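> Below you'll find final10.cif; it's mmCIF, C-alpha atoms.
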data_upload
#
loop_
_atom_site.group_PDB
_atom_site.id
_atom_site.type_symbol
_atom_site.label_atom_id
_atom_site.label_comp_id
_atom_site.auth_asym_id
_atom_site.auth_seq_id
_atom_site.Cartn_x
_atom_site.Cartn_y
_atom_site.Cartn_z
ATOM 1 C CA MET A 1 210.310 -111.880 -134.058
ATOM 2 C CA GLN A 2 208.271 -112.775 -137.093
ATOM 3 C CA ILE A 3 206.866 -116.280 -137.483
ATOM 4 C CA ILE A 4 206.150 -117.351 -141.043
ATOM 5 C CA THR A 5 204.716 -120.779 -141.804
ATOM 6 C CA ARG A 6 203.938 -122.246 -145.214
ATOM 7 C CA GLN A 7 203.049 -125.666 -146.532
ATOM 8 C CA VAL A 8 205.541 -127.238 -148.937
ATOM 9 C CA LYS A 9 204.288 -130.623 -150.105
ATOM 10 C CA ASP A 10 206.560 -133.682 -150.552
ATOM 11 C CA LYS A 11 209.391 -132.169 -148.488
ATOM 12 C CA PRO A 12 210.457 -132.977 -144.956
ATOM 13 C CA LEU A 13 209.564 -130.509 -142.196
ATOM 14 C CA THR A 14 212.165 -127.739 -142.423
ATOM 15 C CA VAL A 15 212.691 -124.874 -139.979
ATOM 16 C CA THR A 16 214.733 -121.916 -141.223
ATOM 17 C CA ILE A 17 215.858 -119.284 -138.739
ATOM 18 C CA GLU A 18 217.001 -115.959 -140.121
ATOM 19 C CA TYR A 19 218.753 -113.557 -137.776
ATOM 20 C CA PRO A 20 220.679 -110.302 -138.085
ATOM 21 C CA GLU A 21 223.278 -111.563 -135.597
ATOM 22 C CA ARG A 22 223.708 -114.714 -133.556
ATOM 23 C CA THR A 23 222.623 -113.803 -130.011
ATOM 24 C CA ASP A 24 222.014 -116.006 -126.958
ATOM 25 C CA PHE A 25 218.317 -115.879 -127.773
ATOM 26 C CA VAL A 26 218.956 -117.293 -131.255
ATOM 27 C CA THR A 27 221.171 -120.046 -129.843
ATOM 28 C CA SER A 28 218.520 -120.917 -127.278
ATOM 29 C CA LEU A 29 215.855 -120.949 -129.986
ATOM 30 C CA VAL A 30 217.912 -123.294 -132.175
ATOM 31 C CA ARG A 31 218.536 -125.605 -129.216
ATOM 32 C CA ARG A 32 214.840 -125.554 -128.285
ATOM 33 C CA ILE A 33 213.713 -126.427 -131.804
ATOM 34 C CA SER A 34 216.391 -129.136 -132.101
ATOM 35 C CA SER A 35 215.202 -130.644 -128.831
ATOM 36 C CA MET A 36 211.677 -130.935 -130.258
ATOM 37 C CA ASP A 37 213.084 -133.510 -132.619
ATOM 38 C CA THR A 38 214.205 -135.569 -129.624
ATOM 39 C CA SER A 39 212.631 -138.982 -129.292
ATOM 40 C CA PHE A 40 212.618 -141.599 -126.588
ATOM 41 C CA SER A 41 213.112 -145.305 -126.999
ATOM 42 C CA ALA A 42 210.343 -147.005 -125.054
ATOM 43 C CA SER A 43 208.533 -150.327 -124.947
ATOM 44 C CA ILE A 44 204.912 -151.380 -124.920
ATOM 45 C CA ASP A 45 203.590 -154.961 -125.003
ATOM 46 C CA GLY A 46 207.139 -156.229 -125.706
ATOM 47 C CA ARG A 47 207.564 -153.964 -128.749
ATOM 48 C CA ARG A 48 210.170 -151.221 -128.925
ATOM 49 C CA VAL A 49 208.949 -147.889 -130.245
ATOM 50 C CA LYS A 50 210.194 -144.326 -130.651
ATOM 51 C CA ILE A 51 208.143 -141.633 -128.944
ATOM 52 C CA ARG A 52 208.601 -138.030 -130.039
ATOM 53 C CA LEU A 53 209.096 -135.460 -127.315
ATOM 54 C CA ALA A 54 206.049 -133.564 -128.564
ATOM 55 C CA ASP A 55 203.887 -136.633 -127.826
ATOM 56 C CA VAL A 56 205.125 -137.005 -124.250
ATOM 57 C CA TYR A 57 202.707 -135.765 -121.587
ATOM 58 C CA TYR A 58 204.676 -136.813 -118.548
ATOM 59 C CA ILE A 59 207.211 -139.298 -117.227
ATOM 60 C CA GLU A 60 206.677 -140.950 -113.878
ATOM 61 C CA ASN A 61 208.943 -142.956 -111.619
ATOM 62 C CA VAL A 62 206.992 -145.768 -109.986
ATOM 63 C CA GLU A 63 208.986 -148.037 -107.703
ATOM 64 C CA ARG A 64 212.233 -147.199 -109.534
ATOM 65 C CA LYS A 65 210.691 -147.945 -112.932
ATOM 66 C CA LEU A 66 210.111 -145.157 -115.414
ATOM 67 C CA PHE A 67 206.860 -144.872 -117.341
ATOM 68 C CA LEU A 68 206.210 -142.476 -120.190
ATOM 69 C CA TYR A 69 202.653 -141.250 -120.683
ATOM 70 C CA THR A 70 201.289 -139.950 -123.973
ATOM 71 C CA ALA A 71 197.706 -138.793 -124.500
ATOM 72 C CA LYS A 72 196.427 -142.367 -124.619
ATOM 73 C CA GLU A 73 199.236 -144.868 -123.980
ATOM 74 C CA VAL A 74 201.691 -145.757 -121.240
ATOM 75 C CA TYR A 75 205.197 -146.900 -122.215
ATOM 76 C CA ARG A 76 208.052 -148.320 -120.207
ATOM 77 C CA LEU A 77 211.369 -146.445 -120.361
ATOM 78 C CA ASP A 78 214.721 -148.093 -119.704
ATOM 79 C CA SER A 79 216.448 -144.869 -118.613
ATOM 80 C CA SER A 80 216.799 -143.614 -115.084
ATOM 81 C CA MET A 81 215.243 -140.464 -113.636
ATOM 82 C CA SER A 82 218.646 -138.722 -113.552
ATOM 83 C CA GLU A 83 219.262 -139.564 -117.236
ATOM 84 C CA MET A 84 215.869 -138.118 -118.091
ATOM 85 C CA LEU A 85 216.558 -134.969 -116.093
ATOM 86 C CA SER A 86 219.846 -134.463 -117.917
ATOM 87 C CA ILE A 87 218.019 -134.088 -121.243
ATOM 88 C CA THR A 88 215.286 -131.783 -119.976
ATOM 89 C CA GLU A 89 217.337 -128.622 -120.426
ATOM 90 C CA ASP A 90 216.024 -126.451 -123.265
ATOM 91 C CA THR A 91 212.995 -128.689 -123.652
ATOM 92 C CA GLY A 92 209.493 -128.211 -122.315
ATOM 93 C CA LEU A 93 210.112 -131.047 -119.870
ATOM 94 C CA VAL A 94 210.369 -130.044 -116.229
ATOM 95 C CA ARG A 95 210.427 -131.871 -112.941
ATOM 96 C CA ILE A 96 207.258 -131.194 -110.946
ATOM 97 C CA SER A 97 207.729 -133.586 -108.042
ATOM 98 C CA ARG A 98 210.237 -136.112 -106.781
ATOM 99 C CA THR A 99 208.769 -138.753 -109.083
ATOM 100 C CA CYS A 100 207.318 -136.883 -112.054
ATOM 101 C CA ILE A 101 208.589 -134.927 -115.079
ATOM 102 C CA MET A 102 205.933 -133.021 -117.021
ATOM 103 C CA ASN A 103 205.909 -131.688 -120.571
ATOM 104 C CA THR A 104 204.870 -128.042 -120.217
ATOM 105 C CA ASP A 105 203.899 -127.968 -123.902
ATOM 106 C CA HIS A 106 200.777 -129.899 -122.832
ATOM 107 C CA LEU A 107 200.130 -127.846 -119.712
ATOM 108 C CA LYS A 108 196.706 -126.210 -119.689
ATOM 109 C CA GLU A 109 196.664 -124.684 -116.217
ATOM 110 C CA ILE A 110 198.259 -124.697 -112.790
ATOM 111 C CA ARG A 111 195.856 -124.365 -109.909
ATOM 112 C CA GLN A 112 195.948 -124.315 -106.167
ATOM 113 C CA VAL A 113 193.284 -126.437 -104.564
ATOM 114 C CA ARG A 114 191.847 -124.791 -101.442
ATOM 115 C CA ASN A 115 195.070 -122.934 -100.714
ATOM 116 C CA SER A 116 196.903 -126.238 -100.328
ATOM 117 C CA HIS A 117 197.867 -128.716 -103.070
ATOM 118 C CA LEU A 118 199.068 -127.549 -106.442
ATOM 119 C CA GLU A 119 197.706 -129.310 -109.489
ATOM 120 C CA ALA A 120 198.813 -129.223 -113.108
ATOM 121 C CA VAL A 121 195.974 -129.742 -115.570
ATOM 122 C CA LEU A 122 197.109 -131.118 -118.929
ATOM 123 C CA ASP A 123 195.370 -130.595 -122.250
ATOM 124 C CA ASN A 124 193.899 -134.107 -122.054
ATOM 125 C CA ASP A 125 192.370 -133.029 -118.698
ATOM 126 C CA GLU A 126 194.649 -135.307 -116.734
ATOM 127 C CA MET A 127 195.786 -133.833 -113.432
ATOM 128 C CA LEU A 128 199.208 -134.125 -111.806
ATOM 129 C CA ILE A 129 200.269 -133.123 -108.319
ATOM 130 C CA VAL A 130 202.928 -130.400 -108.349
ATOM 131 C CA SER A 131 205.335 -130.052 -105.476
ATOM 132 C CA ARG A 132 205.663 -126.395 -104.401
ATOM 133 C CA LYS A 133 209.415 -126.823 -104.439
ATOM 134 C CA TYR A 134 209.388 -127.278 -108.227
ATOM 135 C CA LEU A 135 206.950 -124.443 -109.046
ATOM 136 C CA LYS A 136 209.873 -122.074 -109.679
ATOM 137 C CA ASP A 137 211.314 -124.575 -112.199
ATOM 138 C CA ILE A 138 208.022 -124.545 -114.135
ATOM 139 C CA LYS A 139 208.071 -120.744 -114.037
ATOM 140 C CA ARG A 140 211.644 -120.759 -115.379
ATOM 141 C CA VAL A 141 210.524 -122.768 -118.439
ATOM 142 C CA PHE A 142 208.000 -120.046 -119.268
ATOM 143 C CA GLN A 143 210.553 -117.274 -118.692
ATOM 144 C CA LYS A 144 212.856 -118.608 -121.428
ATOM 145 C CA MET B 1 210.812 -106.254 -106.560
ATOM 146 C CA LYS B 2 213.256 -108.795 -107.981
ATOM 147 C CA SER B 3 216.167 -106.354 -107.550
ATOM 148 C CA ILE B 4 215.224 -105.737 -103.905
ATOM 149 C CA LYS B 5 215.093 -109.481 -103.332
ATOM 150 C CA ILE B 6 218.541 -109.982 -104.889
ATOM 151 C CA ILE B 7 219.997 -107.068 -102.863
ATOM 152 C CA LEU B 8 218.544 -108.451 -99.597
ATOM 153 C CA ARG B 9 219.751 -111.986 -100.368
ATOM 154 C CA ASP B 10 223.249 -110.821 -101.313
ATOM 155 C CA THR B 11 223.391 -108.579 -98.203
ATOM 156 C CA CYS B 12 222.589 -111.589 -95.985
ATOM 157 C CA ILE B 13 225.198 -113.769 -97.732
ATOM 158 C CA LEU B 14 227.834 -111.026 -97.539
ATOM 159 C CA ALA B 15 227.039 -110.346 -93.855
ATOM 160 C CA ALA B 16 227.358 -114.076 -93.083
ATOM 161 C CA LEU B 17 230.701 -114.229 -94.915
ATOM 162 C CA MET B 18 231.941 -111.105 -93.103
ATOM 163 C CA ILE B 19 230.940 -112.553 -89.717
ATOM 164 C CA LEU B 20 232.654 -115.858 -90.501
ATOM 165 C CA SER B 21 235.820 -114.133 -91.800
ATOM 166 C CA VAL B 22 236.096 -111.729 -88.854
ATOM 167 C CA PHE B 23 235.426 -114.532 -86.361
ATOM 168 C CA ALA B 24 237.908 -116.861 -88.077
ATOM 169 C CA ILE B 25 240.634 -114.231 -87.582
ATOM 170 C CA SER B 26 239.462 -113.603 -83.986
ATOM 171 C CA ILE B 27 239.648 -117.349 -83.235
ATOM 172 C CA ILE B 28 243.281 -117.387 -84.403
ATOM 173 C CA TRP B 29 244.132 -114.388 -82.162
ATOM 174 C CA SER B 30 242.078 -115.011 -79.061
ATOM 175 C CA GLY B 31 240.456 -118.450 -79.364
ATOM 176 C CA ILE B 32 236.725 -119.149 -79.160
ATOM 177 C CA THR B 33 235.096 -116.542 -76.927
ATOM 178 C CA GLU B 34 231.497 -116.797 -75.672
ATOM 179 C CA GLU B 35 230.161 -114.519 -78.463
ATOM 180 C CA ILE B 36 232.025 -116.393 -81.192
ATOM 181 C CA GLY B 37 230.786 -119.687 -79.767
ATOM 182 C CA LEU B 38 227.195 -118.437 -79.882
ATOM 183 C CA VAL B 39 227.483 -117.345 -83.518
ATOM 184 C CA LEU B 40 229.095 -120.661 -84.515
ATOM 185 C CA LYS B 41 226.277 -122.539 -82.729
ATOM 186 C CA LEU B 42 223.711 -120.424 -84.619
ATOM 187 C CA PHE B 43 225.408 -121.287 -87.920
ATOM 188 C CA GLY B 44 225.375 -124.968 -86.912
ATOM 189 C CA LEU B 45 221.683 -124.802 -86.023
ATOM 190 C CA ALA B 46 220.927 -122.992 -89.305
ATOM 191 C CA LEU B 47 222.707 -125.769 -91.230
ATOM 192 C CA ILE B 48 220.668 -128.496 -89.463
ATOM 193 C CA ILE B 49 217.395 -126.598 -90.043
ATOM 194 C CA VAL B 50 218.166 -126.091 -93.755
ATOM 195 C CA VAL B 51 218.953 -129.822 -94.174
ATOM 196 C CA VAL B 52 215.728 -130.876 -92.370
ATOM 197 C CA ASN B 53 213.740 -128.309 -94.381
ATOM 198 C CA TYR B 54 215.212 -129.704 -97.611
ATOM 199 C CA LEU B 55 214.355 -133.290 -96.629
ATOM 200 C CA ILE B 56 210.763 -132.339 -95.738
ATOM 201 C CA ASP B 57 210.322 -130.547 -99.103
ATOM 202 C CA GLU B 58 211.926 -133.408 -101.011
ATOM 203 C CA TYR B 59 210.291 -136.434 -99.413
ATOM 204 C CA LEU B 60 206.880 -135.325 -98.106
ATOM 205 C CA SER B 61 203.911 -134.560 -100.313
ATOM 206 C CA LEU B 62 201.540 -132.511 -98.180
ATOM 207 C CA SER B 63 199.284 -129.520 -98.511
ATOM 208 C CA MET B 64 200.938 -126.121 -98.062
ATOM 209 C CA ALA B 65 199.423 -125.597 -94.598
ATOM 210 C CA MET B 66 200.414 -129.107 -93.488
ATOM 211 C CA TYR B 67 203.975 -128.515 -94.697
ATOM 212 C CA TYR B 68 204.212 -125.571 -92.341
ATOM 213 C CA VAL B 69 202.629 -127.470 -89.432
ATOM 214 C CA VAL B 70 205.151 -130.323 -89.913
ATOM 215 C CA LYS B 71 208.003 -127.839 -90.267
ATOM 216 C CA TYR B 72 206.833 -125.940 -87.176
ATOM 217 C CA PHE B 73 206.986 -129.011 -84.951
ATOM 218 C CA ALA B 74 210.151 -130.432 -86.549
ATOM 219 C CA ILE B 75 212.081 -127.158 -86.347
ATOM 220 C CA THR B 76 210.797 -126.344 -82.842
ATOM 221 C CA ALA B 77 211.940 -129.783 -81.687
ATOM 222 C CA LEU B 78 215.361 -129.165 -83.254
ATOM 223 C CA VAL B 79 215.698 -125.692 -81.728
ATOM 224 C CA MET B 80 214.681 -127.053 -78.295
ATOM 225 C CA LEU B 81 217.077 -129.993 -78.529
ATOM 226 C CA PHE B 82 219.915 -127.811 -79.777
ATOM 227 C CA GLY B 83 219.027 -125.144 -77.204
ATOM 228 C CA PHE B 84 219.202 -127.607 -74.314
ATOM 229 C CA ILE B 85 222.544 -129.011 -75.543
ATOM 230 C CA ALA B 86 223.942 -125.491 -76.085
ATOM 231 C CA GLY B 87 222.560 -124.304 -72.744
ATOM 232 C CA TRP B 88 220.245 -121.678 -74.245
ATOM 233 C CA PHE B 89 217.132 -122.979 -72.543
ATOM 234 C CA TYR B 90 216.270 -124.012 -69.030
ATOM 235 C CA PRO B 91 213.346 -126.264 -68.051
ATOM 236 C CA THR B 92 211.361 -123.108 -67.222
ATOM 237 C CA ASN B 93 211.736 -121.206 -70.492
ATOM 238 C CA PHE B 94 211.974 -123.934 -73.167
ATOM 239 C CA TRP B 95 208.495 -122.968 -74.441
ATOM 240 C CA MET B 96 210.107 -119.832 -75.886
ATOM 241 C CA ALA B 97 211.272 -122.022 -78.792
ATOM 242 C CA PHE B 98 207.630 -122.378 -79.875
ATOM 243 C CA VAL B 99 207.292 -118.574 -79.973
ATOM 244 C CA TYR B 100 210.572 -117.938 -81.827
ATOM 245 C CA VAL B 101 209.928 -120.596 -84.475
ATOM 246 C CA GLY B 102 206.242 -119.645 -84.743
ATOM 247 C CA VAL B 103 206.999 -115.987 -85.523
ATOM 248 C CA VAL B 104 209.545 -116.923 -88.219
ATOM 249 C CA LEU B 105 207.244 -119.524 -89.801
ATOM 250 C CA ILE B 106 204.195 -117.230 -89.870
ATOM 251 C CA LEU B 107 206.281 -114.703 -91.806
ATOM 252 C CA ALA B 108 207.677 -117.418 -94.107
ATOM 253 C CA TYR B 109 204.177 -118.852 -94.724
ATOM 254 C CA SER B 110 202.769 -115.412 -95.631
ATOM 255 C CA ILE B 111 205.613 -114.673 -98.060
ATOM 256 C CA ASP B 112 205.417 -118.194 -99.526
ATOM 257 C CA SER B 113 201.631 -118.019 -100.063
ATOM 258 C CA PHE B 114 201.965 -114.681 -101.836
ATOM 259 C CA LYS B 115 204.850 -115.945 -103.992
ATOM 260 C CA VAL B 116 203.050 -119.164 -104.978
ATOM 261 C CA LYS B 117 199.978 -117.149 -105.983
ATOM 262 C CA LYS B 118 202.099 -114.791 -108.110
ATOM 263 C CA ASP B 119 203.996 -117.686 -109.750
ATOM 264 C CA ILE B 120 200.721 -119.458 -110.638
ATOM 265 C CA GLU B 121 199.339 -116.227 -112.143
ATOM 266 C CA PHE B 122 202.530 -115.785 -114.182
ATOM 267 C CA ILE B 123 202.512 -119.387 -115.512
ATOM 268 C CA ASN B 124 198.786 -119.351 -116.344
ATOM 269 C CA GLY B 125 199.233 -115.969 -118.044
ATOM 270 C CA LYS B 126 202.001 -117.389 -120.242
ATOM 271 C CA ILE B 127 199.877 -120.454 -121.089
ATOM 272 C CA SER B 128 197.017 -118.146 -122.009
ATOM 273 C CA ASP B 129 199.339 -116.065 -124.284
ATOM 274 C CA ARG B 130 200.574 -119.275 -125.902
ATOM 275 C CA GLY B 131 196.986 -120.366 -126.546
ATOM 276 C CA GLN B 132 196.139 -117.007 -128.130
ATOM 277 C CA ARG B 133 199.156 -117.275 -130.432
ATOM 278 C CA GLY B 134 197.973 -120.755 -131.409
ATOM 279 C CA LEU B 135 201.197 -122.462 -130.263
#
Mind turning the file's structure into structure tokens?

Amino acid sequence: MQIITRQVKDKPLTVTIEYPERTDFVTSLVRRISSMDTSFSASIDGRRVKIRLADVYYIENVERKLFLYTAKEVYRLDSSMSEMLSITEDTGLVRISRTCIMNTDHLKEIRQVRNSHLEAVLDNDEMLIVSRKYLKDIKRVFQK
Amino acid sequence: MKSIKIILRDTCILAALMILSVFAISIIWSGITEEIGLVLKLFGLALIIVVVNYLIDEYLSLSMAMYYVVKYFAITALVMLFGFIAGWFYPTNFWMAFVYVGVVLILAYSIDSFKVKKDIEFINGKISDRGQRGL
């Protein structure tokens, strides 16, 4: 697969996919790129804002309330955990514990601390606890 | 390695289905014999263990070693309780449950540790590739 990028000023971001025949891989690629345009409606300080999927670091369920974390801010989401999980397919979002969904696009490293806990280190150096049960789901994201 | 794993898993599932099918027909012909009863009890115990195992994985956040310690005591307690009800154990040999469960869990822990290590290596390798491609 060749990746060609070029700057075209004064035009919206456009992704063109050329393929000899439409295979499952192409379909998956189209779905993956489309999902990157996904945004979440969230609130902060009483204001409603749209957060792009690419800006999401992780989503956490705290006492049945969902919070969306970007590199610097924390937003409140009105959705439920199950609603969030339903849109994670073909995105970089993956469940890493009972209460947390992580964006693997911001994952820097997975490490095992003293042969016990698993930690996910994000590119802003924040660390999240990963449940062993969900390690295979993270692996599946990278196998796609 | 993956193919061997799939073959072993499918063999176990097929064997379980064959046992259940053969025994289902035997029950119709000759009722529940002692052997059939034992196998049905083992399936029942397996179901309870799998449910408890699932609940521990889902609701507890512990270190890997602690998970296995908790599972060891929880599953041993279940096997002992089930064993007493089913008449497998007597007051003199109930400690055998600790040995049976211990052997299985040591094997499971070793396989799990190896698998976790391999999965982490795979994920970190992919992240490293992604970084090199500038994605």
> Apply the PyMOL selection byres ((chain B and resi 39) around 12) to the displayed file and report the matching residues as an NGL selection string.
:B and (16 or 19-20 or 22-24 or 32-38 or 40-46 or 86)
> Using all atoms listed in the file and a distance of at most 8 Å, pull out the residues of chain B that contact chain A, as a PyMOL selection string.
chain B and resi 57-59+61-65+116+119-120+122-124+126-127
> Nearest to Ile59 in chain A: which of A:Leu77, A:Ala71, A:Met36, A:Leu122 is it, counting only C-alpha atoms?
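Ranking A:Leu77, A:Ala71, A:Met36, A:Leu122 by distance to Ile59 in chain A, first place goes to A:Leu77.
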> Provide the CA of Phe82 in chain B to CA of Val101 in chain B distance in Å, to one decimal place.
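Between CA of Phe82 in chain B and CA of Val101 in chain B the gap works out to 13.2 Å.
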> For the structure provided, state which residues fall under the PyMOL selection byres ((chain A and resi 54) around 12), and present them as a VMD selection string.
chain A and resid 32 to 40 50 to 53 55 to 58 69 to 71 91 to 93 102 to 106
> Mind giving me the straight-line distance from CA of Gly83 in chain B to CA of Phe98 in chain B in Å, one decimal?
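CA of Gly83 in chain B sits 12.0 Å away from CA of Phe98 in chain B.
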> Got a sec: who's within 7 Å of Leu66 in chain A, counting all atoms listed in the file, leaving out chain neighbours fewer than 5 positions off, as a list in words?
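Returned residues: Ile59, Glu60, Asn61, Arg76, Leu77, Asp78 and Ser80 of chain A.
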> What is the CA of Asp45 in chain A-CA of Asn124 in chain A distance in Å, reported with one decimal?
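These atoms are spaced 23.2 Å apart.
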> For the PyMOL selection byres ((chain B and resi 75) around 12), applied here, can you spell out every residue it catches as a ChimeraX atom specification?
/B:45-54,56,67-74,76-83,97-102,104-105
> Could you give me, as an mmCIF file with C-alpha atoms, keeping the file's coordinate frame, the residues within 8 Å of Ile44 in chain A, counting all atoms listed in the file and dropping anything in the same chain fewer than 3 positions from it?

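And here is the file that came out, result_11.cif:
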data_model
loop_
_atom_site.group_PDB
_atom_site.id
_atom_site.type_symbol
_atom_site.label_atom_id
_atom_site.label_comp_id
_atom_site.auth_asym_id
_atom_site.auth_seq_id
_atom_site.Cartn_x
_atom_site.Cartn_y
_atom_site.Cartn_z
ATOM 1 C CA ARG A 47 207.564 -153.964 -128.749
ATOM 2 C CA ARG A 48 210.170 -151.221 -128.925
ATOM 3 C CA VAL A 49 208.949 -147.889 -130.245
ATOM 4 C CA VAL A 74 201.691 -145.757 -121.240
ATOM 5 C CA TYR A 75 205.197 -146.900 -122.215
ATOM 6 C CA ARG A 76 208.052 -148.320 -120.207
#
